Every structure is written in C-alpha cells, then in structure tokens.
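Trainee: Just structure.tsv, nothing more (TSV, C-alpha atoms):
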```tsv
chain	number	residue	atom	x	y	z
X	1	MET	CA	105.74	16.00	-60.77
X	2	LYS	CA	107.43	17.23	-57.56
X	3	ILE	CA	105.95	20.70	-58.08
X	4	ILE	CA	102.44	19.26	-58.45
X	5	LYS	CA	102.87	17.23	-55.25
X	6	LYS	CA	104.00	20.35	-53.39
X	7	ILE	CA	101.02	22.32	-54.66
X	8	LEU	CA	98.66	19.52	-53.65
X	9	PHE	CA	100.19	19.42	-50.18
X	10	ILE	CA	99.75	23.19	-49.83
X	11	ILE	CA	96.13	22.96	-50.97
X	12	LEU	CA	95.37	20.15	-48.50
X	13	PHE	CA	97.03	22.15	-45.73
X	14	GLN	CA	94.97	25.19	-46.66
X	15	PHE	CA	91.83	23.06	-46.71
X	16	ALA	CA	92.52	21.66	-43.24
X	17	PHE	CA	93.07	25.19	-41.93
X	18	VAL	CA	89.92	26.49	-43.59
X	19	GLN	CA	87.91	23.52	-42.32
X	20	ALA	CA	88.95	24.28	-38.75
X	21	SER	CA	87.97	27.93	-39.22
X	22	GLN	CA	84.93	27.46	-41.42
X	23	ALA	CA	82.67	29.61	-39.29
X	24	GLN	CA	85.04	32.54	-39.82
X	25	PHE	CA	86.04	32.04	-43.44
X	26	GLY	CA	82.75	30.83	-44.94
X	27	GLY	CA	82.97	30.27	-48.70
X	28	LEU	CA	86.75	29.80	-48.78
X	29	THR	CA	86.29	26.05	-48.27
X	30	ASP	CA	84.56	25.66	-51.61
X	31	LYS	CA	87.25	27.72	-53.35
X	32	VAL	CA	90.06	25.58	-51.93
X	33	LEU	CA	88.25	22.38	-52.89
X	34	GLU	CA	87.61	23.67	-56.40
X	35	ALA	CA	91.28	24.63	-56.79
X	36	GLY	CA	92.40	21.18	-55.66
X	37	ALA	CA	89.93	19.45	-57.94
X	38	SER	CA	90.96	21.62	-60.89
X	39	LEU	CA	94.63	20.77	-60.37
X	40	ALA	CA	93.85	17.06	-60.00
X	41	SER	CA	91.73	17.09	-63.14
X	42	LYS	CA	94.49	18.73	-65.19
X	43	LYS	CA	96.86	16.04	-64.01
X	44	LEU	CA	94.51	13.14	-64.72
X	45	GLY	CA	92.51	14.33	-67.71
X	46	VAL	CA	88.99	13.21	-68.59
X	47	ASP	CA	89.96	9.84	-70.07
X	48	LYS	CA	92.02	8.79	-67.05
X	49	ILE	CA	89.25	9.89	-64.67
X	50	LEU	CA	86.69	7.80	-66.52
X	51	LYS	CA	89.02	4.79	-66.35
X	52	GLN	CA	89.35	4.98	-62.56
X	53	PRO	CA	87.82	1.77	-61.14
X	54	ALA	CA	84.66	1.94	-59.07
X	55	ALA	CA	85.11	1.46	-55.32
X	56	ILE	CA	82.90	-1.65	-55.46
X	57	THR	CA	82.75	-3.41	-58.82
X	58	THR	CA	80.31	-6.26	-58.09
X	59	SER	CA	77.76	-6.66	-60.87
X	60	PHE	CA	75.33	-9.34	-62.00
X	61	GLU	CA	78.11	-10.73	-64.18
X	62	ASP	CA	79.75	-11.87	-60.92
X	63	VAL	CA	76.72	-14.01	-60.03
X	64	ASN	CA	77.26	-17.74	-60.57
X	65	GLN	CA	73.83	-18.95	-61.66
X	66	GLU	CA	74.89	-22.59	-61.84
X	67	GLY	CA	72.76	-24.69	-59.47
X	68	SER	CA	70.23	-21.92	-58.87
X	69	LYS	CA	66.63	-22.87	-58.11
X	70	MET	CA	63.38	-21.16	-59.08
X	71	PRO	CA	61.17	-19.68	-56.31
X	72	ASP	CA	58.93	-22.76	-56.29
X	73	PHE	CA	61.87	-24.97	-55.22
X	74	SER	CA	60.22	-27.40	-52.78
X	75	ILE	CA	61.47	-27.25	-49.17
X	76	ALA	CA	59.61	-29.23	-46.52
X	77	ASP	CA	61.19	-27.45	-43.54
X	78	LYS	CA	59.52	-24.51	-41.86
X	79	ALA	CA	61.68	-21.39	-41.62
X	80	GLN	CA	63.28	-20.69	-38.23
X	81	PRO	CA	65.03	-17.49	-37.08
X	82	LEU	CA	68.54	-17.36	-38.53
X	83	TYR	CA	69.75	-15.12	-35.70
X	84	LEU	CA	69.14	-17.91	-33.15
X	85	LEU	CA	71.85	-20.09	-34.67
X	86	PRO	CA	75.18	-20.27	-32.79
X	87	LYS	CA	77.40	-17.22	-33.32
X	88	ALA	CA	80.72	-17.68	-35.10
X	89	PRO	CA	83.81	-16.19	-33.35
X	90	ASP	CA	84.72	-13.99	-36.33
X	91	GLY	CA	81.17	-12.94	-37.14
X	92	GLY	CA	78.14	-14.58	-38.67
X	93	PHE	CA	76.27	-17.73	-37.73
X	94	VAL	CA	77.14	-21.43	-37.63
X	95	LEU	CA	74.72	-23.15	-39.98
X	96	CYS	CA	72.74	-26.28	-39.22
X	97	ALA	CA	70.56	-28.35	-41.54
X	98	GLY	CA	67.21	-26.70	-42.26
X	99	LEU	CA	65.57	-23.51	-43.48
X	100	TYR	CA	66.35	-20.21	-41.74
X	101	GLU	CA	65.42	-16.59	-42.28
X	102	MET	CA	65.83	-13.13	-40.79
X	103	THR	CA	65.14	-9.55	-41.74
X	104	ASN	CA	68.42	-7.70	-41.41
X	105	LYS	CA	69.86	-4.25	-41.97
X	106	SER	CA	71.08	-3.77	-45.52
X	107	TYR	CA	72.81	-0.93	-47.33
X	108	CYS	CA	72.82	0.56	-50.81
X	109	LEU	CA	76.17	0.15	-52.56
X	110	HIS	CA	75.32	1.77	-55.88
X	111	ALA	CA	74.59	5.51	-55.85
X	112	GLY	CA	72.61	6.92	-58.75
X	113	THR	CA	70.41	3.83	-59.24
X	114	PHE	CA	66.80	2.85	-58.52
X	115	ALA	CA	65.64	1.44	-55.20
X	116	PRO	CA	64.53	-2.22	-55.15
X	117	SER	CA	60.94	-2.71	-56.30
X	118	GLN	CA	58.50	-5.56	-55.94
X	119	GLY	CA	59.31	-8.34	-58.38
X	120	ASP	CA	63.03	-7.58	-58.70
X	121	GLY	CA	65.19	-10.71	-58.71
X	122	TYR	CA	68.28	-10.62	-56.47
X	123	MET	CA	71.04	-13.23	-56.32
X	124	PHE	CA	74.19	-13.74	-54.26
X	125	ALA	CA	77.49	-12.20	-55.37
X	126	PRO	CA	80.65	-11.54	-53.36
X	127	VAL	CA	81.83	-8.05	-52.38
X	128	LEU	CA	84.42	-7.13	-55.01
X	129	GLY	CA	86.47	-4.04	-55.83
X	130	PRO	CA	89.31	-1.86	-54.52
X	131	LYS	CA	87.34	-0.98	-51.35
X	132	GLU	CA	85.91	-4.46	-50.64
X	133	GLU	CA	87.96	-4.90	-47.43
X	134	ILE	CA	86.94	-1.44	-46.17
X	135	VAL	CA	83.24	-2.04	-46.85
X	136	THR	CA	83.33	-5.44	-45.15
X	137	ALA	CA	85.21	-3.98	-42.18
X	138	ILE	CA	82.56	-1.27	-41.76
X	139	LEU	CA	79.73	-3.82	-41.79
X	140	LYS	CA	81.50	-6.03	-39.24
X	141	SER	CA	82.44	-3.11	-37.01
X	142	ALA	CA	78.93	-1.63	-37.13
X	143	GLU	CA	77.56	-4.71	-35.37
X	144	LYS	CA	79.73	-3.80	-32.37
X	145	HIS	CA	78.52	-0.18	-32.39
X	146	PRO	CA	74.71	-0.24	-32.03
X	147	GLU	CA	74.87	3.38	-30.88
X	148	ILE	CA	75.72	4.47	-34.45
X	149	ASN	CA	72.62	5.21	-36.51
X	150	GLN	CA	72.03	3.16	-39.66
X	151	HIS	CA	71.64	6.38	-41.65
X	152	ASP	CA	75.13	7.51	-40.59
X	153	ILE	CA	76.61	4.20	-41.73
X	154	GLN	CA	74.76	4.45	-45.04
X	155	VAL	CA	76.16	7.95	-45.61
X	156	LEU	CA	79.67	6.64	-44.93
X	157	LEU	CA	79.17	3.83	-47.45
X	158	TRP	CA	77.84	6.26	-50.07
X	159	THR	CA	80.86	8.47	-49.38
X	160	ILE	CA	83.20	5.55	-50.03
X	161	ILE	CA	81.28	4.40	-53.11
X	162	ALA	CA	81.56	7.97	-54.44
X	163	ARG	CA	85.38	7.66	-54.07
X	164	THR	CA	85.69	10.61	-51.71
X	165	LYS	CA	89.11	11.36	-50.25
X	166	PHE	CA	89.26	11.01	-46.47
X	167	ALA	CA	90.94	14.44	-46.37
X	168	ASP	CA	87.64	15.81	-47.71
X	169	TYR	CA	85.42	14.12	-45.11
X	170	ASN	CA	83.52	16.63	-43.03
X	171	GLY	CA	81.05	16.49	-40.16
X	172	THR	CA	79.32	13.34	-38.87
X	173	VAL	CA	80.56	11.10	-41.68
X	174	LYS	CA	84.15	11.70	-40.56
X	175	LEU	CA	83.30	10.78	-36.96
X	176	THR	CA	81.51	7.63	-38.18
X	177	ALA	CA	84.55	6.57	-40.21
X	178	ILE	CA	86.89	7.11	-37.25
X	179	ALA	CA	84.58	5.08	-34.98
X	180	LEU	CA	84.25	2.11	-37.35
X	181	LEU	CA	87.69	1.88	-38.98
X	182	THR	CA	91.24	1.50	-37.69
X	183	PRO	CA	93.85	4.20	-38.40
X	184	LEU	CA	95.40	1.94	-41.04
X	185	GLN	CA	92.04	1.43	-42.73
X	186	LEU	CA	91.44	5.18	-42.71
X	187	THR	CA	94.64	5.72	-44.67
X	188	GLN	CA	93.31	3.30	-47.31
X	189	LEU	CA	90.47	5.72	-47.99
X	190	GLU	CA	92.99	7.99	-49.75
X	191	GLY	CA	93.80	5.53	-52.53
X	192	GLY	CA	91.86	5.25	-55.81
X	193	VAL	CA	89.68	8.28	-55.11
X	194	LEU	CA	88.56	11.44	-56.87
X	195	GLY	CA	88.23	15.02	-55.72
X	196	VAL	CA	85.20	17.19	-56.38
X	197	LEU	CA	85.22	17.64	-60.16
X	198	PRO	CA	84.51	21.18	-61.42
X	199	GLY	CA	81.64	21.85	-63.79
X	200	ASN	CA	83.70	22.10	-66.99
X	201	LEU	CA	85.33	18.72	-66.38
X	202	MET	CA	81.97	17.15	-65.46
X	203	ASP	CA	80.51	18.38	-68.75
X	204	LYS	CA	83.37	16.84	-70.74
X	205	ALA	CA	83.11	13.56	-68.85
X	206	MET	CA	79.32	13.36	-69.24
X	207	ASP	CA	79.67	13.80	-73.01
X	208	LYS	CA	81.83	10.67	-73.15
X	209	LEU	CA	79.72	8.47	-70.87
X	210	PRO	CA	76.92	6.15	-72.03
X	211	ASP	CA	73.46	7.18	-70.82
X	212	ASN	CA	73.21	4.38	-68.23
X	213	LEU	CA	76.34	5.64	-66.43
X	214	LYS	CA	75.71	9.39	-66.48
X	215	ALA	CA	73.37	9.40	-63.47
X	216	ILE	CA	75.84	7.33	-61.41
X	217	PHE	CA	78.80	9.56	-62.29
X	218	GLU	CA	76.83	12.71	-61.54
X	219	ALA	CA	75.47	11.32	-58.26
X	220	GLU	CA	78.94	10.37	-57.03
X	221	ASN	CA	80.32	13.84	-57.75
X	222	LYS	CA	77.37	15.46	-55.97
X	223	ILE	CA	77.96	13.23	-52.95
X	224	ARG	CA	81.64	14.26	-52.91
X	225	GLN	CA	80.56	17.91	-52.97
X	226	MET	CA	78.12	17.49	-50.09
X	227	VAL	CA	80.55	15.50	-47.92
X	228	SER	CA	83.32	18.02	-48.53
X	229	SER	CA	81.09	20.93	-47.55
X	230	GLY	CA	79.73	19.15	-44.48
X	231	ASN	CA	76.44	20.93	-45.17
X	232	TYR	CA	73.79	18.35	-46.03
X	233	THR	CA	70.99	16.25	-44.57
X	234	TYR	CA	70.41	12.54	-45.06
X	235	ASP	CA	67.37	13.28	-47.22
X	236	GLU	CA	69.43	15.56	-49.46
X	237	MET	CA	72.09	12.91	-50.00
X	238	GLU	CA	69.48	10.21	-50.53
X	239	LYS	CA	67.92	12.32	-53.27
X	240	TYR	CA	71.09	11.93	-55.34
X	241	ALA	CA	71.98	8.39	-54.28
X	242	ILE	CA	68.53	6.94	-54.95
X	243	LEU	CA	66.85	7.68	-58.27
X	244	ALA	CA	63.13	8.39	-58.24
X	245	GLY	CA	60.97	5.90	-60.10
X	246	ILE	CA	61.26	2.20	-60.84
X	247	ALA	CA	63.77	0.40	-63.04
X	248	PRO	CA	62.26	-1.68	-65.88
X	249	ALA	CA	61.54	-5.23	-64.72
X	250	ARG	CA	63.65	-8.18	-65.81
X	251	THR	CA	61.39	-11.22	-65.93
X	252	ASP	CA	63.94	-14.00	-66.54
X	253	ILE	CA	65.31	-13.66	-62.97
X	254	PRO	CA	62.23	-13.65	-60.72
X	255	SER	CA	61.94	-12.43	-57.16
X	256	GLY	CA	62.68	-15.24	-54.71
X	257	ILE	CA	65.17	-17.11	-56.91
X	258	TRP	CA	67.65	-19.25	-54.94
X	259	THR	CA	71.42	-18.92	-55.46
X	260	LEU	CA	73.63	-21.91	-54.73
X	261	HIS	CA	76.28	-20.35	-52.48
X	262	PRO	CA	79.92	-21.45	-53.07
X	263	ASP	CA	79.84	-23.06	-49.60
X	264	GLY	CA	77.03	-25.40	-50.64
X	265	TYR	CA	73.89	-23.90	-49.11
X	266	TYR	CA	71.15	-21.91	-50.84
X	267	VAL	CA	70.32	-18.25	-50.22
X	268	ARG	CA	67.70	-15.81	-51.49
X	269	TYR	CA	66.74	-12.19	-50.84
X	270	PHE	CA	63.54	-10.16	-50.49
X	271	PRO	CA	64.48	-6.46	-50.16
X	272	SER	CA	62.14	-3.88	-48.62
X	273	GLY	CA	63.59	-0.68	-49.99
X	274	TYR	CA	67.35	-0.64	-49.57
X	275	SER	CA	67.62	-0.44	-45.78
X	276	LYS	CA	66.29	-3.89	-44.89
X	277	THR	CA	66.26	-7.29	-46.55
X	278	ARG	CA	64.57	-10.55	-45.62
X	279	VAL	CA	67.11	-13.31	-46.19
X	280	GLN	CA	66.37	-17.02	-46.37
X	281	VAL	CA	69.06	-19.67	-46.10
X	282	TYR	CA	68.42	-23.33	-46.85
X	283	VAL	CA	71.00	-25.86	-45.68
X	284	PRO	CA	70.49	-29.42	-47.04
X	285	LYS	CA	71.09	-32.23	-44.55
X	286	GLU	CA	73.41	-33.86	-47.06
X	287	LEU	CA	75.70	-30.85	-46.92
X	288	ILE	CA	76.02	-30.99	-43.14
X	289	LEU	CA	76.68	-34.75	-43.20
X	290	SER	CA	79.37	-34.35	-45.87
X	291	LEU	CA	81.29	-31.88	-43.67
X	292	ASN	CA	81.89	-34.48	-40.91
X	293	GLY	CA	81.35	-31.94	-38.14
X	294	THR	CA	83.29	-29.07	-39.73
X	295	LYS	CA	81.60	-25.71	-39.24
X	296	ILE	CA	79.99	-23.90	-42.12
X	297	ILE	CA	79.50	-20.18	-41.50
X	298	TYR	CA	76.96	-17.73	-42.89
X	299	ASP	CA	78.63	-14.32	-42.68
X	300	ALA	CA	76.46	-11.79	-44.50
X	301	THR	CA	79.10	-9.03	-44.46
X	302	ASN	CA	80.85	-10.82	-47.34
X	303	ASP	CA	77.66	-10.91	-49.41
X	304	ILE	CA	75.90	-8.62	-51.84
X	305	ALA	CA	72.31	-9.12	-52.90
X	306	CYS	CA	72.89	-8.34	-56.55
X	307	PRO	CA	70.00	-7.29	-58.80
X	308	ALA	CA	69.54	-8.90	-62.19
X	309	ASN	CA	68.33	-5.48	-63.27
X	310	VAL	CA	71.50	-3.41	-63.67
X	311	GLY	CA	69.54	-0.21	-63.05
X	312	SER	CA	68.72	-1.23	-59.47
X	313	GLN	CA	70.86	-1.10	-56.34
X	314	ARG	CA	73.34	-3.62	-55.05
X	315	LEU	CA	72.55	-4.31	-51.42
X	316	ALA	CA	75.25	-5.05	-48.85
X	317	GLN	CA	73.99	-7.54	-46.26
X	318	THR	CA	74.68	-7.65	-42.52
X	319	ASN	CA	74.47	-10.02	-39.56
X	320	GLU	CA	72.28	-7.52	-37.71
X	321	PRO	CA	68.66	-8.70	-37.35
X	322	LEU	CA	65.86	-6.16	-37.15
X	323	ASP	CA	63.33	-6.69	-34.34
X	324	PRO	CA	64.66	-10.10	-33.24
X	325	ASP	CA	62.63	-12.20	-30.79
X	326	TYR	CA	65.09	-14.11	-28.61
X	327	LYS	CA	62.29	-15.75	-26.63
X	328	ILE	CA	61.80	-18.17	-29.52
X	329	LYS	CA	63.71	-21.45	-29.30
X	330	LEU	CA	65.24	-23.33	-32.21
X	331	LYS	CA	63.54	-26.63	-32.97
X	332	THR	CA	66.69	-27.96	-34.64
X	333	LEU	CA	69.60	-29.07	-32.48
X	334	CYS	CA	72.93	-28.28	-34.12
X	335	ALA	CA	74.48	-31.62	-33.27
X	336	GLY	CA	77.89	-32.83	-34.35
X	337	ILE	CA	79.46	-29.37	-34.87
X	338	LYS	CA	83.12	-29.23	-33.85
```
Can you turn what I pasted into structure tokens?
Mentor:
Amino acid sequence: MKIIKKILFIILFQFAFVQASQAQFGGLTDKVLEAGASLASKKLGVDKILKQPAAITTSFEDVNQEGSKMPDFSIADKAQPLYLLPKAPDGGFVLCAGLYEMTNKSYCLHAGTFAPSQGDGYMFAPVLGPKEEIVTAILKSAEKHPEINQHDIQVLLWTIIARTKFADYNGTVKLTAIALLTPLQLTQLEGGVLGVLPGNLMDKAMDKLPDNLKAIFEAENKIRQMVSSGNYTYDEMEKYAILAGIAPARTDIPSGIWTLHPDGYYVRYFPSGYSKTRVQVYVPKELILSLNGTKIIYDATNDIACPANVGSQRLAQTNEPLDPDYKIKLKTLCAGIK
C-alpha cells in the first residue's frame, strides 16, 4: 500500500511538471495520465470502479409526489416576476402569497443523457450525492461572479459530475473552479473521483454495465480525458455530455405538473434546453398566514428539476434571472414578514 502511494505521488508530481511544460513536452501529458489511470485501475479493479457512487445521485425516485397537482390546477392569481421579491441574506427570495415566475439560468447535471424536450415532465427533488455541497456552493458563488460565462460554469459542473480529480483539471475549468470555490472546497474535489480509464478497462466495464448506463459511463470518461488534456472546446464537450435525439416520452408525468415543496409551496418547471428554465412558484395565502410572520425562502440552488424520464437530464436551478425587467413593480405587498 505504501509503495502504491509513493508511485501515485511520483506520477502526480510528474504530471504537474509536464503540465507546466506542456508546450515543450507535448504528448508526455497523455502518457503520464494513462500510467496513473492504469495504476489506479489495477488497485481498484472493474467491480470497485463500477460501485463508486455518482457525484450527484438525485433521481426521480427522490421526488415526493404526494400532494402534487396536475397542470390544470386552478390558480386565480396572475404570475408576477419572482426576482422582484425581497432577497434573502443567504441567497434566494423571501416568498409572499401569490403566483411568481422567472426564467433563470439552469445547468445539466447528468452527462450522457438527452436534453429536455417539449412535453417532458419535471418535478422538484433536492440536490443529493457526495458532491451536493460543492455543486450548491458553485451555484451560489456564480451569482456573485457575473463576469464568469455560463458555459464555463457548465463545463466545471460536467467536470465534477464526471468525477474528475482536481489534480487533473487543466485550462479554463481550473481557473473557474479556483474563482468559485474556497481552498477547502477545492480539496474536496479529490475525494470519490476517478482518473482517466484506459481503453482495456473501459471495455471490461462496459461489458458489465446495463445498456442505459453505458452512454453515461463513456461520456464521463471522455470528459475526464478532455479536461485532463486541456484541449477541447465547449461544443466538443457538449457533444459527449448531451446525447443527440429525444428520449422516449413518459405520459404519466406531464409537462407543467406541480410539486408540493417540503416547505409548503408549489413549484413547477418548463425547461428550454438545459441552459434555461422557466420556474413558477405558487404560495397559498394559508401557508403565509400559518407561519405567523416567519420567513419562507425560495433558494433554487438547493433544487433540481428532475425528469420523470430517466433518459433525460437533471437540471440544477439558480437564483439568476435571465433578462430581468426591474422597472416592473410587484402588485403584492409582502406584509407581516419578520
């Protein structure tokens, strides 16, 4: 065990040296990465690699459908801009009685799956998994860094979902991670991750995987390869993260279905691709009255719009509105909030 750790340390040191001198040493980077991956794979073995938990584990099984309402759920209120509600100190918005909506930035959290399509039903589920705190931290921090492009944040999230070691980060994605995460959070990117798996190990793993997981496993490994090399474009990464075509429709969970949030309000999602989602939040008057002035917060960074169709993408939500119009005034006064 000690010998393996020493070898790994030497390989990582060599990789750091090669990375700094990449222009001079060219293809050595790939050789070092392949050597490190080969050693890691021998240590873990195929079965242990396949048992490694996903970075984010949220699935439709985590959706609580109790209290949900069909799209024709009658609401008399007219929708007002959600982003005009009072801001909460720790992020999000202080809810008032009524119907609110906004189109916000959203992010794919499931590489190797189909993009949302018209008619897909999405419901609320919490962010779950070994990297849930990191993902939430990125979404919160991004709101304070409008200078960082949404594409760069999406690449970082795909990199994390693909379980890439921070030591393997290269190029813009590394700078994005450093800008959005604390040093302590960066160290957490080293736990529960995989290296770039060589072809022979990938073949063995693919033989043991069910068909519905093969594309995801292959996409994650390809993302790890691209990030490690530092030589890729957004379009190239998107090609592996987003499958071409449309997932088969699931008709029992229609588009526009309302989820009863654990905090007592209703929420529903209308994705447009994976990069933006129109969110509606309905807050019954009875809920506000029952709280006796206590604040109830909508913080989208804790939420995933989860597809009923398991072949489609989970969508991380944000508190960042797209094209907001702050000249509009709320018609509802948020009275009685302490």
Trainee: Kindly indicate which residue among X:Asp303, X:Asp252, X:Asp168, X:Asp77 lies nearest to Val227 (chain X), using all atoms listed in the file for the distances.
Mentor: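 Closest to Val227 (chain X) of all the choices is X:Asp168.
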Trainee: Which residues come within 12 Å of Lys87 (chain X), counting all atoms listed in the file, excluding same-chain residues fewer than 5 positions away, as a PyMOL selection string?
Mentor: chain X and resi 82+92-96+295-299+319-320+334
Trainee: Report, in Å with one decimal, the straight-line distance from CA of Asp120 (chain X) to CA of Val283 (chain X).
Mentor: 23.8 Å
Trainee: One decimal, Å: what's the distance from CA of Pro130 (chain X) over to CA of His145 (chain X), could you say?
Mentor: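 These atoms are spaced 24.7 Å apart.
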Trainee: Find the residues with any atom within 7 Å of (87.0, -1.6, -41.9); use all atoms listed in the file and the coordinates as given in the file, and write the answer as an MDAnalysis selection string.
Mentor: chainID X and resid 133:138 141 180:182 185
Trainee: Separation of CA of Tyr266 (chain X) and CA of Ala76 (chain X), in Å?
Mentor: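 CA of Ala76 (chain X) lies at a distance of 14.3 Å from CA of Tyr266 (chain X).
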